[in-house]
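Asks: Hey, dropping final-v7.cif in here, mmCIF, C-alpha atoms and all ligand atoms:
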data_target
loop_
_atom_site.label_atom_id
_atom_site.label_comp_id
_atom_site.auth_asym_id
_atom_site.auth_seq_id
_atom_site.Cartn_x
_atom_site.Cartn_y
_atom_site.Cartn_z
CA GLU A 1 78.94 43.26 115.13
CA ALA A 2 75.87 42.77 113.04
CA ILE A 3 76.09 40.19 110.31
CA THR A 4 74.76 41.62 107.09
CA THR A 5 72.75 39.17 105.12
CA ASP A 6 70.68 41.38 102.93
CA MET A 7 71.44 40.96 99.23
CA ALA A 8 72.04 44.62 98.44
CA THR A 9 74.87 44.94 100.96
CA LEU A 10 76.40 41.65 99.95
CA THR A 11 76.37 42.58 96.27
CA LYS A 12 78.04 45.89 97.08
CA GLU A 13 80.76 44.16 99.05
CA VAL A 14 81.43 41.64 96.32
CA GLU A 15 81.59 44.41 93.76
CA LYS A 16 84.01 46.39 95.88
CA PHE A 17 86.19 43.32 96.36
CA ALA A 18 86.27 42.72 92.61
CA LYS A 19 87.15 46.35 91.95
CA ASP A 20 90.01 46.29 94.46
CA LYS A 21 91.38 43.11 92.94
CA LYS A 22 91.21 44.62 89.48
CA LEU A 23 93.13 47.66 90.67
CA GLU A 24 95.71 45.44 92.32
CA ILE A 25 96.23 43.45 89.14
CA GLU A 26 96.45 46.64 87.11
CA THR A 27 99.13 48.01 89.46
CA LEU A 28 101.12 44.78 89.23
CA ARG A 29 100.86 44.84 85.47
CA ILE A 30 102.16 48.42 85.28
CA ARG A 31 105.00 47.55 87.63
CA GLU A 32 105.92 44.55 85.52
CA THR A 33 106.00 46.65 82.34
CA TYR A 34 108.15 49.18 84.15
CA ARG A 35 110.57 46.46 85.26
CA LYS A 36 110.85 45.02 81.76
CA GLU A 37 111.48 48.47 80.36
CA PHE A 38 114.20 49.07 82.94
CA ILE A 39 116.02 45.87 82.06
CA GLY A 40 115.67 46.64 78.36
CA ASN A 41 117.17 50.09 78.94
CA ILE A 42 120.09 48.68 80.92
CA SER A 43 121.00 46.20 78.20
CA HIS A 44 120.79 48.96 75.65
CA GLU A 45 123.07 51.27 77.68
CA LEU A 46 125.66 48.55 78.24
CA LYS A 47 125.76 47.28 74.68
CA THR A 48 127.46 50.28 73.09
CA PRO A 49 130.56 50.33 75.34
CA LEU A 50 130.71 46.52 75.39
CA PHE A 51 130.76 46.30 71.61
CA THR A 52 133.40 49.03 71.51
CA VAL A 53 135.68 47.17 73.91
CA GLN A 54 135.08 43.89 72.11
CA GLY A 55 135.88 45.56 68.79
CA TYR A 56 139.30 46.75 69.96
CA ILE A 57 140.19 43.43 71.56
CA LEU A 58 139.24 41.49 68.45
CA THR A 59 141.26 43.84 66.24
CA LEU A 60 144.27 43.39 68.51
CA LEU A 61 143.88 39.62 68.48
CA ASP A 62 143.69 39.82 64.72
CA GLY A 63 147.26 41.03 64.60
CA ALA A 64 146.91 44.81 64.93
CA GLY A 65 148.77 44.53 68.24
CA ALA A 66 152.06 43.85 66.46
CA ASP A 67 152.54 47.58 66.00
CA GLU A 68 153.35 49.02 69.40
CA LYS A 69 151.72 52.41 68.75
CA ILE A 70 148.49 50.89 67.52
CA ARG A 71 148.51 48.44 70.39
CA GLU A 72 148.74 51.26 72.89
CA LYS A 73 146.08 53.31 71.13
CA TYR A 74 143.61 50.44 71.02
CA LEU A 75 144.29 49.38 74.58
CA ASN A 76 143.64 52.97 75.70
CA ARG A 77 140.35 53.05 73.86
CA ALA A 78 139.32 49.69 75.26
CA SER A 79 140.21 50.97 78.71
CA LYS A 80 138.02 54.06 78.17
CA GLY A 81 135.17 51.75 77.21
CA VAL A 82 135.64 49.82 80.43
CA ASP A 83 135.67 53.12 82.37
CA ARG A 84 132.35 53.95 80.81
CA LEU A 85 130.94 50.55 81.79
CA ILE A 86 132.08 51.09 85.37
CA TYR A 87 130.48 54.54 85.36
CA ILE A 88 127.16 53.16 84.16
CA VAL A 89 127.22 50.24 86.62
CA ASN A 90 128.01 52.64 89.50
CA ASP A 91 125.03 54.80 88.54
CA LEU A 92 122.83 51.71 88.28
CA ASP A 93 123.98 50.61 91.69
CA MET A 94 123.18 54.01 93.13
CA ILE A 95 119.72 54.23 91.54
CA THR A 96 118.86 50.71 92.74
CA LYS A 97 119.90 51.51 96.30
CA LEU A 98 117.88 54.71 96.18
CA GLU A 99 114.80 52.99 94.80
CA VAL A 100 114.91 50.15 97.28
CA GLY A 101 115.32 52.74 100.01
CA ASP A 102 118.57 51.11 101.01
CA LEU A 103 120.52 54.31 101.27
CA ASN A 104 120.97 55.54 104.81
CA LEU A 105 121.41 59.27 104.83
CA ASN A 106 124.22 60.48 107.00
CA TYR A 107 123.00 63.88 108.24
CA THR A 108 125.53 66.46 109.39
CA SER A 109 125.73 70.22 109.43
CA PHE A 110 128.10 71.52 106.76
CA ASN A 111 128.92 74.54 104.63
CA ILE A 112 127.17 74.13 101.27
CA ILE A 113 129.35 76.85 99.71
CA GLU A 114 132.39 74.68 100.37
CA VAL A 115 130.72 71.73 98.61
CA VAL A 116 129.96 73.91 95.57
CA GLN A 117 133.59 75.01 95.56
CA ASN A 118 134.73 71.35 95.72
CA VAL A 119 132.61 70.45 92.72
CA PHE A 120 133.88 73.47 90.78
CA ASP A 121 137.49 72.47 91.53
CA LEU A 122 136.84 68.91 90.36
CA PHE A 123 135.25 69.98 87.08
CA GLU A 124 137.41 72.98 86.24
CA MET A 125 139.28 70.99 83.58
CA LYS A 126 136.12 69.68 81.96
CA ALA A 127 134.63 73.19 81.93
CA SER A 128 137.74 74.83 80.53
CA LYS A 129 137.79 72.40 77.61
CA LYS A 130 134.52 74.01 76.52
CA ASN A 131 135.55 77.38 77.86
CA VAL A 132 132.63 77.36 80.29
CA ALA A 133 132.96 79.72 83.24
CA LEU A 134 132.00 78.24 86.62
CA VAL A 135 130.59 81.06 88.70
CA LEU A 136 129.50 81.07 92.31
CA ASP A 137 127.04 83.86 93.04
CA ARG A 138 128.44 85.49 96.14
CA GLU A 139 125.52 87.79 96.84
CA TYR A 140 124.58 85.98 99.98
CA ASP A 141 127.52 84.42 101.67
CA LYS A 142 130.73 82.51 102.12
CA GLU A 143 129.28 80.23 104.73
CA VAL A 144 125.81 78.73 104.58
CA LEU A 145 125.32 75.84 106.95
CA VAL A 146 122.85 73.18 105.89
CA TYR A 147 121.71 69.97 107.52
CA ALA A 148 121.90 67.05 105.06
CA ASP A 149 124.03 64.17 103.79
CA LYS A 150 127.11 65.98 102.55
CA GLU A 151 128.37 63.27 100.20
CA ARG A 152 124.98 62.79 98.55
CA ILE A 153 124.43 66.52 98.15
CA GLN A 154 127.84 66.78 96.53
CA GLN A 155 126.65 64.08 94.12
CA VAL A 156 123.51 66.13 93.34
CA ILE A 157 125.53 69.27 92.63
CA THR A 158 128.05 67.24 90.62
CA ASN A 159 125.38 65.74 88.36
CA LEU A 160 123.76 69.14 87.78
CA VAL A 161 127.10 70.83 87.07
CA VAL A 162 128.21 68.04 84.72
CA ASN A 163 124.94 68.40 82.79
CA SER A 164 125.20 72.17 82.63
CA ILE A 165 128.68 71.87 81.12
CA LYS A 166 127.62 69.02 78.83
CA TYR A 167 124.47 70.71 77.50
CA GLY A 168 125.74 74.26 77.91
CA GLN A 169 127.21 76.20 75.03
CA GLU A 170 130.89 76.77 74.27
CA ASN A 171 132.06 79.91 76.08
CA GLY A 172 128.95 79.70 78.25
CA THR A 173 128.47 80.05 81.98
CA THR A 174 127.39 77.70 84.75
CA GLU A 175 126.26 79.67 87.74
CA ILE A 176 125.38 78.42 91.20
CA SER A 177 123.64 80.47 93.82
CA VAL A 178 122.55 79.58 97.34
CA GLU A 179 119.73 81.76 98.62
CA PRO A 180 117.70 81.82 101.81
CA LEU A 181 114.09 80.69 101.57
CA ILE A 182 111.29 80.80 104.07
CA LYS A 183 111.07 78.43 107.02
CA ASN A 184 114.71 77.52 107.56
CA LYS A 185 115.22 76.49 103.98
CA VAL A 186 117.76 77.42 101.37
CA ILE A 187 117.46 77.02 97.63
CA VAL A 188 120.43 76.00 95.51
CA ARG A 189 120.18 77.02 91.86
CA VAL A 190 122.33 75.68 89.03
CA THR A 191 121.85 77.81 85.92
CA ASP A 192 123.30 77.51 82.43
CA ASN A 193 122.84 79.45 79.21
CA GLY A 194 122.92 76.34 77.05
CA GLU A 195 120.60 74.67 74.60
CA GLY A 196 117.61 74.56 76.95
CA ILE A 197 114.82 71.96 77.05
CA SER A 198 111.42 72.33 75.43
CA GLU A 199 108.39 72.25 77.65
CA GLU A 200 107.00 68.89 76.55
CA HIS A 201 110.08 67.10 77.91
CA LEU A 202 110.11 68.72 81.34
CA PRO A 203 107.58 66.43 83.06
CA ARG A 204 109.59 63.30 82.16
CA LEU A 205 113.08 64.70 82.54
CA PHE A 206 113.78 63.07 85.90
CA GLU A 207 112.79 59.59 84.76
CA ARG A 208 115.49 56.96 84.49
CA PHE A 209 117.04 56.86 81.00
CA TYR A 210 114.85 59.68 79.71
CA ARG A 211 116.72 61.79 77.19
CA VAL A 212 115.65 64.74 75.12
CA ASP A 213 117.98 63.98 72.24
CA LYS A 214 118.39 60.24 72.16
CA SER A 215 121.43 60.13 69.90
CA GLY A 216 123.16 63.34 70.95
CA SER A 217 123.22 62.70 74.69
CA ARG A 218 124.64 59.23 74.30
CA GLN A 219 127.59 60.59 72.39
CA GLU A 220 128.21 62.87 75.35
CA GLY A 221 128.53 59.72 77.39
CA GLY A 222 126.16 59.98 80.35
CA SER A 223 124.24 57.04 81.77
CA GLY A 224 120.82 58.66 81.41
CA LEU A 225 120.46 58.22 85.17
CA GLY A 226 121.98 61.48 86.38
CA LEU A 227 118.75 63.39 86.94
CA ALA A 228 116.89 60.35 88.30
CA ILE A 229 119.63 60.03 90.94
CA VAL A 230 119.41 63.75 91.69
CA LYS A 231 115.64 63.58 92.21
CA HIS A 232 115.88 60.51 94.43
CA ILE A 233 118.55 62.01 96.67
CA VAL A 234 116.71 65.31 97.03
CA GLU A 235 113.40 63.59 97.79
CA ALA A 236 115.06 61.19 100.24
CA HIS A 237 115.92 64.35 102.18
CA ASP A 238 112.23 65.30 102.00
CA GLU A 239 113.15 68.25 99.82
CA ARG A 240 112.04 69.40 96.36
CA ILE A 241 113.72 69.70 92.98
CA TYR A 242 112.58 72.06 90.22
CA VAL A 243 113.49 72.73 86.63
CA GLU A 244 112.82 75.75 84.47
CA SER A 245 114.07 75.93 80.93
CA GLU A 246 113.70 77.69 77.62
CA VAL A 247 115.04 76.42 74.32
CA GLY A 248 117.96 78.52 73.14
CA VAL A 249 118.10 80.46 76.41
CA GLY A 250 119.15 77.95 79.06
CA SER A 251 118.07 75.89 82.03
CA GLU A 252 117.86 76.28 85.74
CA PHE A 253 117.73 73.32 88.10
CA SER A 254 117.08 74.16 91.73
CA PHE A 255 116.56 72.24 94.93
CA THR A 256 115.81 73.04 98.53
CA LEU A 257 117.75 72.11 101.65
CA GLU A 258 117.23 72.58 105.33
CA ARG A 259 119.51 75.15 106.81
CA THR A 260 121.10 74.99 110.20
CA SER A 261 119.57 77.93 112.08
CA SER A 262 121.28 81.32 111.67
CA SER A 263 123.50 79.84 109.01
CA PHE A 264 123.84 82.97 106.90
CA THR A 265 126.76 85.00 108.17
CA GLU A 266 126.98 88.70 107.34
CA GLU A 267 129.97 89.70 105.27
P1 LIG B 1 122.32 61.99 80.59
O1 LIG B 1 123.28 60.93 80.97
O2 LIG B 1 121.66 61.73 79.28
O3 LIG B 1 122.90 63.38 80.69
P2 LIG B 1 120.53 62.86 82.74
O4 LIG B 1 119.54 62.09 83.55
O5 LIG B 1 121.59 63.55 83.51
O6 LIG B 1 121.13 61.86 81.67
O7 LIG B 1 119.74 63.91 81.88
C1 LIG B 1 118.60 63.51 81.12
C2 LIG B 1 118.42 64.39 79.91
O8 LIG B 1 118.01 65.71 80.30
C3 LIG B 1 119.68 64.61 79.09
O9 LIG B 1 119.89 63.56 78.16
C4 LIG B 1 119.38 65.92 78.39
O10 LIG B 1 118.59 65.68 77.25
C5 LIG B 1 118.53 66.67 79.39
N1 LIG B 1 119.29 67.67 80.21
C6 LIG B 1 119.79 67.49 81.46
N2 LIG B 1 120.39 68.61 81.91
C7 LIG B 1 120.29 69.53 80.92
C8 LIG B 1 120.71 70.91 80.78
N3 LIG B 1 121.37 71.56 81.75
N4 LIG B 1 120.42 71.53 79.61
C9 LIG B 1 119.75 70.89 78.62
N5 LIG B 1 119.32 69.60 78.70
C10 LIG B 1 119.58 68.94 79.83
#
Since I need it in another form, could you write the structure as structure tokens?
Replies:
Amino acid sequence: EAITTDMATLTKEVEKFAKDKKLEIETLRIRETYRKEFIGNISHELKTPLFTVQGYILTLLDGAGADEKIREKYLNRASKGVDRLIYIVNDLDMITKLEVGDLNLNYTSFNIIEVVQNVFDLFEMKASKKNVALVLDREYDKEVLVYADKERIQQVITNLVVNSIKYGQENGTTEISVEPLIKNKVIVRVTDNGEGISEEHLPRLFERFYRVDKSGSRQEGGSGLGLAIVKHIVEAHDERIYVESEVGVGSEFSFTLERTSSSFTEE
């Protein structure tokens, strides 16, 4: 190899080196800001339930526990607060594993319709409290075999269904359809006729802790990680997630999956 000694080439190389270093430092700086923000968000999320639990315990210690009814009521509320903490920590654990790439996907072939049905069964109570109808669009089939990690996909559908009930209207509908797509793919759509999301929020919706209505959503008791987890799981499968929404009309979240060949059976 020729050794370049002429000044012009050397200058160029030095400049390029400096530029690369600058980019590297900039990337590190952004990452560091991101990390600090993440930790700040976690503390913020944990504080509300922690203070709630602490409040009930202190009141009990202060003598309120003498009355058996009050004691039970406060212990129940403290226990709910602890449940919420566990829920948030579980979501944090999941998102961390997903981001570190520490989550081995366990691929099998399974019936996605059955998974949708499972999720509907699990959330029937929650839906009926708001009189939300859970509807499975049966246009296509009773059995659609897909190739993916069943447990994780159930988590994806769960998070989307929970949101559609949470942000859907009273007496509304949550509808799921599974349709064939080109090239051995299916698309799963979760649609609600709820409050909808305005366009400016859509690009950031899948970020950790991003919320449209900061105060309102927290009352509803999520972790702010639901959609970030959904996106990670879908992308870990090398698939895509989409959202379409209109304020006052409703939202549709959809994601693709690989189907096991000839998985649509004729009725
Ligand atoms: P959260 O715990 O706040 O529900 P998510 O990550 O699941 O966290 O959702 C992020 C935000 O996206 C929610 O706070 C809400 O503002 C908005 N969102 C999610 N799903 C829907 C939906 N189906 N309809 C309207 N808004 C939604």
Asks: Calculate how many Å separate CA of Gly221 in chain A from CA of Met125 in chain A, rounding to one decimal.
Replies: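 So the two atoms, CA of Gly221 in chain A and CA of Met125 in chain A, lie 16.8 Å apart.
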Asks: For each of A:Leu61, A:Ile197, A:Ile153, A:Val247, take the minimum atom-to-atom distance to ligand LIG 1 (chain B), counting only C-alpha atoms and all ligand atoms, then give the residue where this is smallest.
Replies: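 For ligand LIG 1 (chain B), the nearest of the candidates is A:Ile197.
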Asks: Choose the residue, out of A:Val234, A:Gln117, A:Tyr56, A:Val89, that has the smallest atom-to-atom separation from Lys73 in chain A; count only C-alpha atoms.
Replies: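 Of the candidates, the smallest distance to Lys73 in chain A is held by A:Tyr56.
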Asks: Once you count all atoms listed in the file, which residues end up within 9 Å of ligand LIG 1 (chain B), and could you hand them over as a PyMOL selection string?
Replies: chain A and resi 159-168+190-198+201-202+204-214+216-218+220-230+245+247+250-253
Asks: Kindly extract all protein, DNA and RNA residues lying within 12 Å of the coordinates (137.1, 71.3, 80.1) given in the file, considering all atoms listed in the file, and supply them as number ranges by chain.
Replies: A: 120-134, 162, 165-166, 168, 170-172
Asks: I need the residues from that last selection saved to file as a PDB file, keeping the file's coordinate frame (with C-alpha atoms), if you can.
Replies:
ATOM      1  CA  PHE A 120     133.880  73.470  90.780  1.00  0.00           C
ATOM      2  CA  ASP A 121     137.490  72.470  91.530  1.00  0.00           C
ATOM      3  CA  LEU A 122     136.840  68.910  90.360  1.00  0.00           C
ATOM      4  CA  PHE A 123     135.250  69.980  87.080  1.00  0.00           C
ATOM      5  CA  GLU A 124     137.410  72.980  86.240  1.00  0.00           C
ATOM      6  CA  MET A 125     139.280  70.990  83.580  1.00  0.00           C
ATOM      7  CA  LYS A 126     136.120  69.680  81.960  1.00  0.00           C
ATOM      8  CA  ALA A 127     134.630  73.190  81.930  1.00  0.00           C
ATOM      9  CA  SER A 128     137.740  74.830  80.530  1.00  0.00           C
ATOM     10  CA  LYS A 129     137.790  72.400  77.610  1.00  0.00           C
ATOM     11  CA  LYS A 130     134.520  74.010  76.520  1.00  0.00           C
ATOM     12  CA  ASN A 131     135.550  77.380  77.860  1.00  0.00           C
ATOM     13  CA  VAL A 132     132.630  77.360  80.290  1.00  0.00           C
ATOM     14  CA  ALA A 133     132.960  79.720  83.240  1.00  0.00           C
ATOM     15  CA  LEU A 134     132.000  78.240  86.620  1.00  0.00           C
ATOM     16  CA  VAL A 162     128.210  68.040  84.720  1.00  0.00           C
ATOM     17  CA  ILE A 165     128.680  71.870  81.120  1.00  0.00           C
ATOM     18  CA  LYS A 166     127.620  69.020  78.830  1.00  0.00           C
ATOM     19  CA  GLY A 168     125.740  74.260  77.910  1.00  0.00           C
ATOM     20  CA  GLU A 170     130.890  76.770  74.270  1.00  0.00           C
ATOM     21  CA  ASN A 171     132.060  79.910  76.080  1.00  0.00           C
ATOM     22  CA  GLY A 172     128.950  79.700  78.250  1.00  0.00           C
TER      23      GLY A 172
END
Asks: Would you compute the distance between CA of Gly81 in chain A and CA of Pro49 in chain A? Give it in Å to one decimal.
Replies: 5.2 Å
Asks: Go ahead and compute the interatomic distance for CA of Phe38 in chain A and CA of Asp102 in chain A, in Å to one decimal.
Replies: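 Separating CA of Phe38 in chain A from CA of Asp102 in chain A is a distance of 18.7 Å.
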Asks: To test the calculation: enclose all listed atoms of range 37-45 of chain A in a box whose edges run along x, y and z, add 6 Å on each side, then state centre and edge lengths in Å to one decimal, as AutoDock Vina command-line options.
Replies:
--center_x 117.3 --center_y 48.6 --center_z 79.3 --size_x 23.6 --size_y 17.4 --size_z 19.3
Asks: Can you take the partial range 184-195 of chain A, add N, CA, C and O atoms, and return it as a compact mmCIF listing (two decimals), keeping the file's coordinate frame?
Replies:
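The resulting result10.txt:
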# COMPACT_ATOMS: atom_id res chain seq x y z
N ASN A 184 113.47 78.25 107.40
CA ASN A 184 114.71 77.52 107.56
C ASN A 184 115.13 76.69 106.36
O ASN A 184 115.68 75.61 106.49
N LYS A 185 114.81 77.21 105.19
CA LYS A 185 115.22 76.49 103.98
C LYS A 185 116.15 77.37 103.16
O LYS A 185 116.09 78.59 103.22
N VAL A 186 117.00 76.70 102.38
CA VAL A 186 117.76 77.42 101.37
C VAL A 186 117.42 76.80 100.02
O VAL A 186 116.97 75.66 99.95
N ILE A 187 117.64 77.57 98.97
CA ILE A 187 117.46 77.02 97.63
C ILE A 187 118.78 77.15 96.87
O ILE A 187 119.42 78.20 96.89
N VAL A 188 119.20 76.03 96.29
CA VAL A 188 120.43 76.00 95.51
C VAL A 188 120.03 75.98 94.04
O VAL A 188 119.25 75.13 93.62
N ARG A 189 120.53 76.94 93.28
CA ARG A 189 120.18 77.02 91.86
C ARG A 189 121.42 76.78 90.99
O ARG A 189 122.46 77.36 91.26
N VAL A 190 121.25 75.92 89.99
CA VAL A 190 122.33 75.68 89.03
C VAL A 190 121.80 76.13 87.67
O VAL A 190 120.87 75.54 87.14
N THR A 191 122.38 77.20 87.14
CA THR A 191 121.85 77.81 85.92
C THR A 191 122.87 77.75 84.79
O THR A 191 124.06 77.96 85.02
N ASP A 192 122.40 77.43 83.59
CA ASP A 192 123.30 77.51 82.43
C ASP A 192 122.63 78.30 81.33
O ASP A 192 121.42 78.54 81.36
N ASN A 193 123.43 78.75 80.36
CA ASN A 193 122.84 79.45 79.21
C ASN A 193 123.02 78.59 77.96
O ASN A 193 123.42 79.06 76.91
N GLY A 194 122.72 77.32 78.13
CA GLY A 194 122.92 76.34 77.05
C GLY A 194 121.72 76.15 76.15
O GLY A 194 120.88 77.05 76.00
N GLU A 195 121.61 74.93 75.62
CA GLU A 195 120.60 74.67 74.60
C GLU A 195 119.15 74.73 75.10
O GLU A 195 118.23 74.94 74.33
